[in-house]
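As provided, model_15.cif (mmCIF, C-alpha atoms) reads as follows.
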data_my_file
#
loop_
_atom_site.label_atom_id
_atom_site.label_comp_id
_atom_site.auth_asym_id
_atom_site.auth_seq_id
_atom_site.Cartn_x
_atom_site.Cartn_y
_atom_site.Cartn_z
CA MET A 1 70.02 -54.97 66.17
CA LEU A 2 73.29 -53.47 67.27
CA ALA A 3 72.70 -50.49 64.99
CA VAL A 4 69.26 -49.82 66.42
CA GLU A 5 70.62 -50.00 69.97
CA LYS A 6 73.26 -47.43 69.05
CA GLY A 7 70.59 -45.07 67.74
CA LEU A 8 71.52 -45.07 64.06
CA PRO A 9 68.87 -44.37 61.43
CA LEU A 10 67.02 -47.58 60.51
CA TRP A 11 68.05 -47.55 56.85
CA SER A 12 71.79 -47.45 57.52
CA PRO A 13 72.34 -51.07 58.64
CA VAL A 14 70.19 -52.32 55.77
CA LEU A 15 72.17 -50.32 53.19
CA LEU A 16 75.39 -51.47 54.83
CA SER A 17 74.26 -55.07 54.55
CA ILE A 18 73.27 -54.76 50.89
CA SER A 19 76.43 -52.98 49.76
CA ASN A 20 79.06 -54.67 51.93
CA PHE A 21 77.86 -58.20 52.59
CA THR A 22 80.38 -59.02 55.32
CA GLY A 23 79.68 -59.80 58.96
CA THR A 24 82.77 -58.57 60.78
CA GLY A 25 83.11 -55.47 58.63
CA GLN A 26 79.52 -54.46 59.27
CA PHE A 27 79.86 -54.81 63.03
CA ALA A 28 82.98 -52.67 62.94
CA GLY A 29 81.32 -50.23 60.53
CA ILE A 30 78.34 -49.65 62.81
CA ASP A 31 80.73 -49.05 65.66
CA LEU A 32 82.69 -46.55 63.57
CA ILE A 33 79.66 -44.72 62.22
CA SER A 34 78.07 -44.34 65.64
CA SER A 35 81.30 -43.06 67.17
CA GLY A 36 81.67 -40.55 64.34
CA ALA A 37 85.04 -41.89 63.19
CA GLY A 38 87.06 -40.14 60.50
CA LEU A 39 87.17 -41.44 56.95
CA TRP A 40 90.78 -42.66 57.17
CA GLU A 41 90.05 -44.56 60.33
CA VAL A 42 87.18 -46.27 58.56
CA ILE A 43 89.32 -47.12 55.53
CA PHE A 44 92.16 -48.49 57.63
CA THR A 45 89.99 -50.54 59.97
CA ILE A 46 87.90 -52.08 57.22
CA LEU A 47 90.96 -52.88 55.09
CA VAL A 48 92.69 -54.65 57.97
CA ILE A 49 89.59 -56.65 58.76
CA ASN A 50 89.22 -57.59 55.10
CA ILE A 51 92.82 -58.50 54.26
CA ARG A 52 91.88 -62.11 54.96
CA TYR A 53 89.66 -61.98 51.87
CA ILE A 54 92.77 -61.59 49.70
CA LEU A 55 93.84 -65.02 50.93
CA MET A 56 90.35 -66.47 50.60
CA SER A 57 89.88 -65.14 47.07
CA LEU A 58 93.31 -66.39 46.07
CA SER A 59 92.44 -69.80 47.43
CA LEU A 60 89.04 -69.74 45.77
CA SER A 61 90.54 -68.72 42.41
CA GLN A 62 92.25 -72.11 42.31
CA ARG A 63 88.97 -73.96 42.63
CA LEU A 64 86.91 -72.25 39.95
CA VAL A 65 86.49 -73.78 36.52
CA ARG A 66 89.43 -72.54 34.53
CA ASP A 67 87.71 -70.87 31.58
CA MET A 68 85.39 -68.69 33.65
CA PRO A 69 85.24 -65.15 32.21
CA VAL A 70 86.47 -62.19 34.25
CA TRP A 71 83.04 -60.59 34.72
CA GLN A 72 81.75 -63.78 36.32
CA ARG A 73 84.78 -63.84 38.60
CA MET A 74 84.05 -60.25 39.57
CA VAL A 75 80.48 -61.13 40.52
CA ILE A 76 81.67 -64.08 42.58
CA ALA A 77 84.21 -61.86 44.34
CA PHE A 78 81.40 -59.74 45.77
CA GLY A 79 79.78 -62.83 47.25
CA ASN A 80 82.94 -64.37 48.66
CA THR A 81 82.05 -64.21 52.33
CA ASP A 82 83.45 -66.32 55.15
CA GLU A 83 80.42 -68.58 54.92
CA VAL A 84 80.42 -69.02 51.14
CA PHE A 85 84.15 -69.68 51.25
CA GLY A 86 83.69 -72.30 53.94
CA VAL A 87 81.02 -74.14 51.99
CA CYS A 88 82.98 -73.96 48.70
CA MET A 89 86.03 -75.52 50.31
CA GLN A 90 83.99 -78.66 50.93
CA GLN A 91 83.46 -79.20 47.22
CA LYS A 92 85.89 -81.51 45.48
CA GLU A 93 85.07 -80.61 41.88
CA PRO A 94 85.90 -77.27 40.22
CA LEU A 95 83.27 -74.65 41.02
CA THR A 96 81.01 -73.52 38.18
CA MET A 97 79.18 -70.22 37.77
CA ARG A 98 75.85 -71.98 38.28
CA TYR A 99 76.94 -73.44 41.58
CA MET A 100 78.40 -70.16 42.78
CA THR A 101 75.32 -68.18 41.74
CA GLY A 102 73.07 -70.53 43.70
CA ILE A 103 75.13 -70.41 46.83
CA ILE A 104 75.76 -66.64 46.71
CA LEU A 105 72.14 -65.72 45.97
CA SER A 106 70.84 -67.87 48.80
CA THR A 107 73.34 -66.52 51.32
CA TYR A 108 72.91 -62.94 50.09
CA SER A 109 69.13 -62.99 50.38
CA GLY A 110 69.29 -64.79 53.72
CA TRP A 111 71.79 -62.30 55.03
CA ASN A 112 69.81 -59.22 54.03
CA ALA A 113 66.48 -60.67 55.10
CA GLY A 114 68.17 -61.35 58.44
CA THR A 115 69.29 -57.73 58.69
CA VAL A 116 65.81 -56.38 57.94
CA LEU A 117 64.33 -58.85 60.39
CA GLY A 118 66.96 -57.92 62.97
CA VAL A 119 66.14 -54.22 62.59
CA LEU A 120 62.42 -54.92 62.90
CA VAL A 121 62.38 -57.28 65.86
CA SER A 122 65.49 -55.68 67.38
CA SER A 123 64.92 -55.92 71.10
CA ALA A 124 61.88 -58.21 70.83
CA LEU A 125 64.07 -61.31 70.92
CA PRO A 126 64.83 -62.23 74.53
CA ASP A 127 68.46 -62.04 75.62
CA MET A 128 68.60 -65.72 76.48
CA VAL A 129 67.84 -66.69 72.88
CA ARG A 130 70.24 -64.10 71.47
CA THR A 131 73.23 -65.30 73.46
CA ALA A 132 72.55 -68.92 72.48
CA LEU A 133 72.54 -67.95 68.78
CA GLY A 134 75.97 -66.34 69.14
CA ILE A 135 77.69 -69.70 68.79
CA ALA A 136 75.91 -70.72 65.55
CA LEU A 137 78.46 -69.41 63.04
CA TYR A 138 81.42 -70.83 64.95
CA ALA A 139 79.73 -74.23 65.19
CA MET A 140 79.26 -74.20 61.41
CA PHE A 141 82.95 -73.51 60.89
CA ILE A 142 83.75 -76.44 63.17
CA ALA A 143 81.45 -78.63 61.09
CA ILE A 144 83.39 -77.53 57.99
CA ILE A 145 86.94 -78.14 59.17
CA ILE A 146 86.63 -81.24 61.36
CA PRO A 147 85.46 -83.89 58.82
CA PRO A 148 88.39 -83.25 56.40
CA ALA A 149 90.73 -83.27 59.40
CA ARG A 150 89.52 -86.79 60.14
CA GLU A 151 90.63 -87.88 56.68
CA SER A 152 93.94 -86.03 56.58
CA GLY A 153 96.48 -85.86 59.37
CA ALA A 154 98.13 -82.90 57.64
CA ILE A 155 94.95 -80.82 57.79
CA LEU A 156 94.46 -81.80 61.43
CA LYS A 157 97.96 -80.61 62.28
CA VAL A 158 97.45 -77.33 60.42
CA ILE A 159 94.23 -76.74 62.37
CA ALA A 160 95.83 -77.62 65.70
CA LEU A 161 98.76 -75.30 65.05
CA SER A 162 96.51 -72.45 64.00
CA VAL A 163 94.30 -72.83 67.09
CA LEU A 164 97.35 -72.92 69.33
CA LEU A 165 98.85 -69.81 67.68
CA SER A 166 95.56 -67.97 67.79
CA CYS A 167 95.10 -68.63 71.51
CA VAL A 168 98.70 -67.69 72.28
CA LEU A 169 98.49 -64.44 70.30
CA ARG A 170 95.31 -63.54 72.15
CA ILE A 171 96.78 -64.21 75.58
CA VAL A 172 100.34 -62.89 75.35
CA PRO A 173 100.39 -59.31 76.66
CA GLY A 174 101.51 -56.73 74.16
CA ILE A 175 100.54 -58.78 71.13
CA SER A 176 96.98 -59.16 72.40
CA GLY A 177 96.28 -55.57 71.34
CA LEU A 178 96.63 -56.71 67.74
CA GLY A 179 93.36 -56.53 65.79
CA SER A 180 91.60 -59.85 65.22
CA GLY A 181 91.99 -59.39 61.46
CA TRP A 182 95.77 -59.53 61.80
CA VAL A 183 95.66 -62.46 64.20
CA ILE A 184 93.62 -64.52 61.72
CA ILE A 185 96.00 -63.71 58.86
CA ILE A 186 99.13 -64.49 60.88
CA CYS A 187 97.75 -67.80 62.21
CA GLY A 188 96.43 -68.88 58.82
CA VAL A 189 99.62 -68.10 56.91
CA ILE A 190 102.03 -69.56 59.48
CA SER A 191 100.09 -72.79 60.05
CA ALA A 192 99.40 -73.36 56.34
CA GLY A 193 102.99 -72.37 55.50
CA ILE A 194 104.44 -74.93 57.87
CA GLY A 195 101.86 -77.51 56.74
CA ALA A 196 102.76 -77.00 53.09
CA TYR A 197 106.46 -77.31 53.92
CA LEU A 198 106.08 -80.52 55.95
CA PHE A 199 103.31 -82.20 53.94
CA PRO A 200 103.48 -81.03 50.31
CA LEU A 201 100.60 -82.31 48.23
CA THR A 202 101.30 -84.66 45.39
CA THR A 203 99.78 -83.35 42.17
CA LYS A 204 96.14 -84.30 42.11
CA GLU A 205 94.51 -85.89 39.08
CA GLU A 206 92.36 -83.42 37.21
CA ASP A 207 88.64 -84.08 37.15
CA PRO A 208 86.80 -81.41 35.19
CA LYS A 209 83.38 -82.89 35.89
CA SER A 210 81.24 -80.05 37.18
CA ASP A 211 78.53 -79.98 39.77
CA ASP A 212 74.97 -78.74 39.30
CA GLY A 213 73.95 -75.52 41.00
CA HIS A 214 72.31 -76.84 44.13
CA ASP A 215 71.62 -74.55 47.01
CA GLY A 216 73.94 -73.23 49.63
CA ASN A 217 73.41 -73.86 53.26
CA ASN A 218 70.62 -72.55 55.30
CA GLN A 219 71.69 -69.60 57.35
CA GLU A 220 68.63 -68.20 59.04
CA GLY A 221 70.28 -68.25 62.44
CA GLN A 222 72.95 -65.88 61.29
CA GLY A 223 70.97 -62.77 60.45
CA THR A 224 69.09 -62.84 63.69
CA VAL A 225 72.28 -62.81 65.72
CA LYS A 226 72.84 -59.25 64.64
CA MET B 1 76.83 -38.06 61.93
CA SER B 2 75.09 -36.40 58.98
CA ILE B 3 73.28 -38.42 56.34
CA GLN B 4 75.84 -37.46 53.69
CA LYS B 5 78.75 -38.60 55.84
CA THR B 6 77.01 -41.84 56.78
CA LEU B 7 76.40 -42.57 53.09
CA LEU B 8 80.02 -41.73 52.28
CA VAL B 9 81.33 -44.04 55.00
CA ILE B 10 79.12 -46.87 53.77
CA LEU B 11 80.36 -46.35 50.20
CA VAL B 12 83.99 -46.32 51.30
CA MET B 13 83.40 -49.47 53.35
CA ALA B 14 81.86 -51.20 50.34
CA LEU B 15 84.95 -50.40 48.26
CA CYS B 16 87.35 -51.50 50.99
CA THR B 17 85.47 -54.80 51.22
CA TYR B 18 85.17 -55.43 47.48
CA ILE B 19 88.71 -54.60 46.39
CA PRO B 20 90.52 -57.28 48.45
CA ARG B 21 87.94 -59.80 47.29
CA VAL B 22 88.02 -59.03 43.58
CA LEU B 23 91.71 -58.53 42.78
CA PRO B 24 92.98 -62.07 43.38
CA LEU B 25 89.95 -63.64 41.69
CA ALA B 26 90.16 -61.46 38.59
CA LEU B 27 93.95 -61.57 38.23
CA PHE B 28 94.85 -65.17 38.95
CA ARG B 29 93.37 -67.16 36.13
CA GLN B 30 96.02 -69.82 35.69
CA LYS B 31 96.34 -72.89 37.86
CA ILE B 32 99.31 -72.42 40.13
CA LYS B 33 101.95 -74.99 39.23
CA ASN B 34 104.33 -74.54 42.14
CA GLN B 35 103.84 -77.44 44.55
CA TYR B 36 104.57 -75.45 47.70
CA VAL B 37 102.20 -72.63 46.79
CA SER B 38 99.36 -74.94 45.82
CA SER B 39 99.81 -76.92 49.05
CA LEU B 40 99.79 -73.65 50.97
CA LEU B 41 96.56 -72.56 49.32
CA CYS B 42 95.00 -75.93 50.08
CA TYR B 43 95.83 -75.71 53.81
CA LEU B 44 95.12 -71.99 54.14
CA PRO B 45 91.32 -72.21 54.48
CA TYR B 46 91.63 -74.63 57.40
CA GLY B 47 94.19 -72.44 59.12
CA ILE B 48 92.08 -69.32 58.63
CA LEU B 49 88.79 -70.90 59.71
CA ALA B 50 90.43 -72.50 62.76
CA ALA B 51 91.90 -69.16 63.85
CA MET B 52 88.51 -67.49 63.36
CA VAL B 53 86.80 -70.03 65.62
CA PHE B 54 89.32 -70.30 68.45
CA PRO B 55 89.42 -68.79 71.00
CA ASP B 56 86.49 -66.50 70.05
CA ILE B 57 83.94 -69.31 70.26
CA PHE B 58 84.34 -69.47 74.05
CA SER B 59 83.27 -65.86 74.44
CA SER B 60 80.49 -65.99 71.83
CA THR B 61 77.86 -66.79 74.44
CA ALA B 62 76.77 -65.34 77.78
CA SER B 63 79.23 -67.43 79.80
CA VAL B 64 82.51 -69.23 79.12
CA LEU B 65 81.00 -72.40 80.61
CA SER B 66 78.14 -72.49 78.11
CA GLY B 67 80.66 -71.62 75.38
CA ILE B 68 82.69 -74.69 76.32
CA THR B 69 79.71 -77.07 76.35
CA GLY B 70 78.56 -75.67 73.00
CA THR B 71 82.05 -76.12 71.54
CA ALA B 72 82.28 -79.66 72.87
CA ILE B 73 78.99 -80.74 71.31
CA ALA B 74 79.90 -79.04 68.01
CA LEU B 75 83.26 -80.85 67.90
CA PHE B 76 81.63 -84.16 68.75
CA LEU B 77 78.88 -83.89 66.11
CA ALA B 78 81.30 -82.59 63.48
CA TYR B 79 83.56 -85.56 64.18
CA ARG B 80 80.55 -87.84 63.59
CA ARG B 81 80.24 -86.09 60.18
CA LYS B 82 76.90 -84.40 60.88
CA GLY B 83 75.80 -81.56 58.58
CA LEU B 84 76.41 -77.86 59.13
CA LEU B 85 72.85 -77.12 60.17
CA THR B 86 72.66 -80.04 62.62
CA VAL B 87 75.90 -79.00 64.27
CA ALA B 88 74.94 -75.31 64.49
CA VAL B 89 71.42 -75.88 65.84
CA SER B 90 72.60 -78.49 68.35
CA ALA B 91 75.34 -76.18 69.62
CA CYS B 92 72.80 -73.35 70.07
CA ALA B 93 70.41 -75.68 71.88
CA VAL B 94 73.10 -76.96 74.23
CA VAL B 95 74.23 -73.40 74.98
CA PHE B 96 70.63 -72.42 75.70
CA VAL B 97 70.09 -75.33 78.08
CA THR B 98 73.46 -74.82 79.79
CA GLU B 99 72.73 -71.16 80.36
CA ARG B 100 69.35 -71.98 81.92
CA ILE B 101 71.03 -74.50 84.27
CA LEU B 102 73.72 -71.94 85.14
CA GLY B 103 70.94 -69.45 85.77
CA LEU B 104 69.19 -71.82 88.16
CA ALA B 105 72.45 -72.54 89.91
CA GLY B 106 72.90 -68.83 90.37
CA ILE B 107 76.19 -68.71 88.46
CA LEU B 108 74.91 -66.66 85.54
#

Here is a file; write its structure as structure tokens.
Amino acid sequence: MLAVEKGLPLWSPVLLSISNFTGTGQFAGIDLISSGAGLWEVIFTILVINIRYILMSLSLSQRLVRDMPVWQRMVIAFGNTDEVFGVCMQQKEPLTMRYMTGIILSTYSGWNAGTVLGVLVSSALPDMVRTALGIALYAMFIAIIIPPARESGAILKVIALSVLLSCVLRIVPGISGLGSGWVIIICGVISAGIGAYLFPLTTKEEDPKSDDGHDGNNQEGQGTVK
Amino acid sequence: MSIQKTLLVILVMALCTYIPRVLPLALFRQKIKNQYVSSLLCYLPYGILAAMVFPDIFSSTASVLSGITGTAIALFLAYRRKGLLTVAVSACAVVFVTERILGLAGIL
């Protein structure tokens, strides 16, 4: 939708969606393309936005079944979006290829169908519906982090610290010019770092029982927000 | 921007998105033994997701007021252990209703 408003050719957001598969990066990318940004600017901006994926992938690598071959890991890496990551973190058992394929395929097809739909209906959706959908993704993240925080005081404290830091970094003049990619990284690392120092986990018992590949979560709302 | 340049930018973006995702997954195959590091990696997702939500969620809608009501209902339902879809749809609905009320009141 954004891309159509900015007067880009219709195929470009669809191709962007298929090849990149990342929300924030695509928004930034459309901005960059339409403003005719230089290649280095694109590289730098997208890398900064995506540095958080290094942390997410690292975290995810600990949850996969241990004997998964490299090529399967490389496929999963492509599908490791904020949403997939969020859903995976709810699983207690090691993640199998079947499970990951199910969840990535469903989010990938939903995402791209959403983009095509967004391009097609573009301005047809009334503003009042569009603004209400803006909160959907954030609400899902809340639904992911709050239930575990109810079980574990340590997780609750990590979340509280990260929220506090994030708000402070956004408000304090001077630092507030920092890109949101950096803010997320700084808050995540500091809050988890302090959490790990204060509340180290005792070694968990291993349970190699694997889950079947049931579907990921519905995400129709997401594509239309674009 | 020409078609060639647009294609080039999209390709570069795809690489810049894939590389940070693939390296840690392909390289780290062993379970991390260090207790501090494994605790850190356990807490990291919560820290990252929390920082992604706040304070952006308040400005994700047409008005900060509707953002706050939407956040409140999402927190409440999540605390009651409702599913992702329930929480997301309810938050959207509450935002929609709030924005209509604000509209009637002449605030929005």

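Across the chains present, the PyMOL selection byres ((chain B and resi 26) around 10) applied to this file returns Ser57, Leu58, Ser61, Met68, Pro69, Val70, Trp71, Gln72, Arg73, Met74, Val75, Ile76 and Ala77 of chain A; Arg21, Val22, Leu23, Pro24, Leu25, Leu27, Phe28 and Arg29 of chain B.
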
- request: Evaluate the PyMOL selection byres ((chain B and resi 61-67) around 10) on the structure here and hand back the selected residues as an NGL selection string.
  value: (:A and (127-128 or 130-136)) or (:B and (56-60 or 68-72 or 91-92 or 94-102 or 107-108))

Kindly save the residues from that selection, with C-alpha atoms included, as an mmCIF file, in the coordinates of the input.
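What follows is the written file part-v3.cif:
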data_model
loop_
_atom_site.group_PDB
_atom_site.id
_atom_site.type_symbol
_atom_site.label_atom_id
_atom_site.label_comp_id
_atom_site.auth_asym_id
_atom_site.auth_seq_id
_atom_site.Cartn_x
_atom_site.Cartn_y
_atom_site.Cartn_z
ATOM 1 C CA ASP A 127 68.460 -62.040 75.620
ATOM 2 C CA MET A 128 68.600 -65.720 76.480
ATOM 3 C CA ARG A 130 70.240 -64.100 71.470
ATOM 4 C CA THR A 131 73.230 -65.300 73.460
ATOM 5 C CA ALA A 132 72.550 -68.920 72.480
ATOM 6 C CA LEU A 133 72.540 -67.950 68.780
ATOM 7 C CA GLY A 134 75.970 -66.340 69.140
ATOM 8 C CA ILE A 135 77.690 -69.700 68.790
ATOM 9 C CA ALA A 136 75.910 -70.720 65.550
ATOM 10 C CA ASP B 56 86.490 -66.500 70.050
ATOM 11 C CA ILE B 57 83.940 -69.310 70.260
ATOM 12 C CA PHE B 58 84.340 -69.470 74.050
ATOM 13 C CA SER B 59 83.270 -65.860 74.440
ATOM 14 C CA SER B 60 80.490 -65.990 71.830
ATOM 15 C CA ILE B 68 82.690 -74.690 76.320
ATOM 16 C CA THR B 69 79.710 -77.070 76.350
ATOM 17 C CA GLY B 70 78.560 -75.670 73.000
ATOM 18 C CA THR B 71 82.050 -76.120 71.540
ATOM 19 C CA ALA B 72 82.280 -79.660 72.870
ATOM 20 C CA ALA B 91 75.340 -76.180 69.620
ATOM 21 C CA CYS B 92 72.800 -73.350 70.070
ATOM 22 C CA VAL B 94 73.100 -76.960 74.230
ATOM 23 C CA VAL B 95 74.230 -73.400 74.980
ATOM 24 C CA PHE B 96 70.630 -72.420 75.700
ATOM 25 C CA VAL B 97 70.090 -75.330 78.080
ATOM 26 C CA THR B 98 73.460 -74.820 79.790
ATOM 27 C CA GLU B 99 72.730 -71.160 80.360
ATOM 28 C CA ARG B 100 69.350 -71.980 81.920
ATOM 29 C CA ILE B 101 71.030 -74.500 84.270
ATOM 30 C CA LEU B 102 73.720 -71.940 85.140
ATOM 31 C CA ILE B 107 76.190 -68.710 88.460
ATOM 32 C CA LEU B 108 74.910 -66.660 85.540
#

Any chance you could work out the residue set of the PyMOL selection byres ((chain B and resi 53) around 10) here, as an mmCIF file with C-alpha atoms, in the frame of the given file?
data_model
loop_
_atom_site.group_PDB
_atom_site.id
_atom_site.type_symbol
_atom_site.label_atom_id
_atom_site.label_comp_id
_atom_site.auth_asym_id
_atom_site.auth_seq_id
_atom_site.Cartn_x
_atom_site.Cartn_y
_atom_site.Cartn_z
ATOM 1 C CA ILE A 135 77.690 -69.700 68.790
ATOM 2 C CA LEU A 137 78.460 -69.410 63.040
ATOM 3 C CA TYR A 138 81.420 -70.830 64.950
ATOM 4 C CA ALA A 139 79.730 -74.230 65.190
ATOM 5 C CA MET A 140 79.260 -74.200 61.410
ATOM 6 C CA PHE A 141 82.950 -73.510 60.890
ATOM 7 C CA ILE A 142 83.750 -76.440 63.170
ATOM 8 C CA VAL A 163 94.300 -72.830 67.090
ATOM 9 C CA SER A 166 95.560 -67.970 67.790
ATOM 10 C CA ILE A 184 93.620 -64.520 61.720
ATOM 11 C CA ILE B 48 92.080 -69.320 58.630
ATOM 12 C CA LEU B 49 88.790 -70.900 59.710
ATOM 13 C CA ALA B 50 90.430 -72.500 62.760
ATOM 14 C CA ALA B 51 91.900 -69.160 63.850
ATOM 15 C CA MET B 52 88.510 -67.490 63.360
ATOM 16 C CA PHE B 54 89.320 -70.300 68.450
ATOM 17 C CA PRO B 55 89.420 -68.790 71.000
ATOM 18 C CA ASP B 56 86.490 -66.500 70.050
ATOM 19 C CA ILE B 57 83.940 -69.310 70.260
ATOM 20 C CA PHE B 58 84.340 -69.470 74.050
ATOM 21 C CA SER B 60 80.490 -65.990 71.830
ATOM 22 C CA THR B 71 82.050 -76.120 71.540
#

query: Which one of A:Ile171, A:Gln62, A:Ser152, A:Gly102 sits closest to chain B if you count only C-alpha atoms?
result: A:Gln62

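You can rank A:Phe85, A:Val116, A:Thr96, A:Gln91 by their closest distance to Asp67 (chain A) using all atoms listed in the file, and at the top of that list sits A:Thr96.
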
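Coordinates place CA of Pro20 (chain B) at a distance of 5.0 Å from CA of Ile54 (chain A).
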
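Our summary of the geometry notes that CA of Leu75 (chain B) is positioned 8.4 Å from CA of Val87 (chain B).
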
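Picture a line from CA of Ile19 (chain B) to CA of Ile186 (chain A); it runs 20.4 Å.
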
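Restricting the calculation to only C-alpha atoms, the smallest distance between chain B and any of A:Pro147, A:Val168, A:Ile103, A:Lys157 is found for A:Pro147.
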
message: (100.5, -76.2, 49.2) in this file's frame - what residues fall within 12 Å of it? Use all atoms listed in the file and give the answer as a ChimeraX atom specification.
response: /A:59,62,154-155,158,189,191-204 /B:32-45

field: Distance criterion (all atoms listed in the file): nearest to chain A out of B:Lys82, B:Ser90, B:Gly47, B:Gly103
entry: B:Gly47

field: All residues 8 Å or closer to Arg81 (chain B), all atoms listed in the file, same chain fewer than 2 positions away omitted, as number ranges by chain
entry: A: 143, 147; B: 77-79, 83

- prompt: For chain B, which residue out of A:Val172, A:Val87, A:Met100, A:Ile159 is the nearest one, using all atoms listed in the file?
  reply: A:Ile159

With all heavy atoms retained, output region 111-117 of chain A as a CSV table (one decimal), in the first residue's frame.
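And here's part.csv as it stands now:
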chain,number,residue,atom,x,y,z
A,111,TRP,N,2.2,-13.8,4.3
A,111,TRP,CA,2.9,-12.5,4.1
A,111,TRP,C,2.8,-12.0,2.7
A,111,TRP,O,2.4,-10.9,2.4
A,111,TRP,CB,4.3,-12.6,4.5
A,111,TRP,CG,5.2,-11.4,4.4
A,111,TRP,CD1,6.2,-11.2,3.5
A,111,TRP,CD2,5.1,-10.3,5.3
A,111,TRP,NE1,6.7,-10.0,3.8
A,111,TRP,CE2,6.1,-9.4,4.8
A,111,TRP,CE3,4.3,-9.9,6.3
A,111,TRP,CZ2,6.3,-8.1,5.4
A,111,TRP,CZ3,4.5,-8.7,6.9
A,111,TRP,CH2,5.5,-7.8,6.5
A,112,ASN,N,3.1,-12.9,1.7
A,112,ASN,CA,3.1,-12.5,0.3
A,112,ASN,C,1.7,-12.3,-0.3
A,112,ASN,O,1.5,-11.4,-1.1
A,112,ASN,CB,3.9,-13.4,-0.5
A,112,ASN,CG,5.4,-13.3,-0.2
A,112,ASN,OD1,6.0,-12.2,-0.3
A,112,ASN,ND2,6.1,-14.4,0.1
A,113,ALA,N,0.8,-13.1,0.2
A,113,ALA,CA,-0.6,-12.9,-0.2
A,113,ALA,C,-1.1,-11.6,0.3
A,113,ALA,O,-1.8,-10.8,-0.4
A,113,ALA,CB,-1.5,-14.0,0.3
A,114,GLY,N,-0.6,-11.2,1.5
A,114,GLY,CA,-1.0,-9.9,2.1
A,114,GLY,C,-0.5,-8.8,1.2
A,114,GLY,O,-1.1,-7.8,1.0
A,115,THR,N,0.8,-8.9,0.8
A,115,THR,CA,1.4,-7.9,0.0
A,115,THR,C,0.6,-7.7,-1.4
A,115,THR,O,0.3,-6.6,-1.7
A,115,THR,CB,2.9,-8.2,-0.4
A,115,THR,OG1,3.6,-8.4,0.8
A,115,THR,CG2,3.5,-7.1,-1.2
A,116,VAL,N,0.3,-8.8,-2.0
A,116,VAL,CA,-0.4,-8.7,-3.3
A,116,VAL,C,-1.8,-8.1,-3.0
A,116,VAL,O,-2.2,-7.2,-3.7
A,116,VAL,CB,-0.6,-10.2,-3.9
A,116,VAL,CG1,-1.5,-10.1,-5.1
A,116,VAL,CG2,0.8,-10.7,-4.3
A,117,LEU,N,-2.4,-8.6,-2.0
A,117,LEU,CA,-3.7,-8.0,-1.6
A,117,LEU,C,-3.6,-6.5,-1.3
A,117,LEU,O,-4.4,-5.7,-1.8
A,117,LEU,CB,-4.3,-8.7,-0.4
A,117,LEU,CG,-5.7,-8.6,-0.1
A,117,LEU,CD1,-6.6,-9.3,-1.1
A,117,LEU,CD2,-6.1,-9.1,1.3
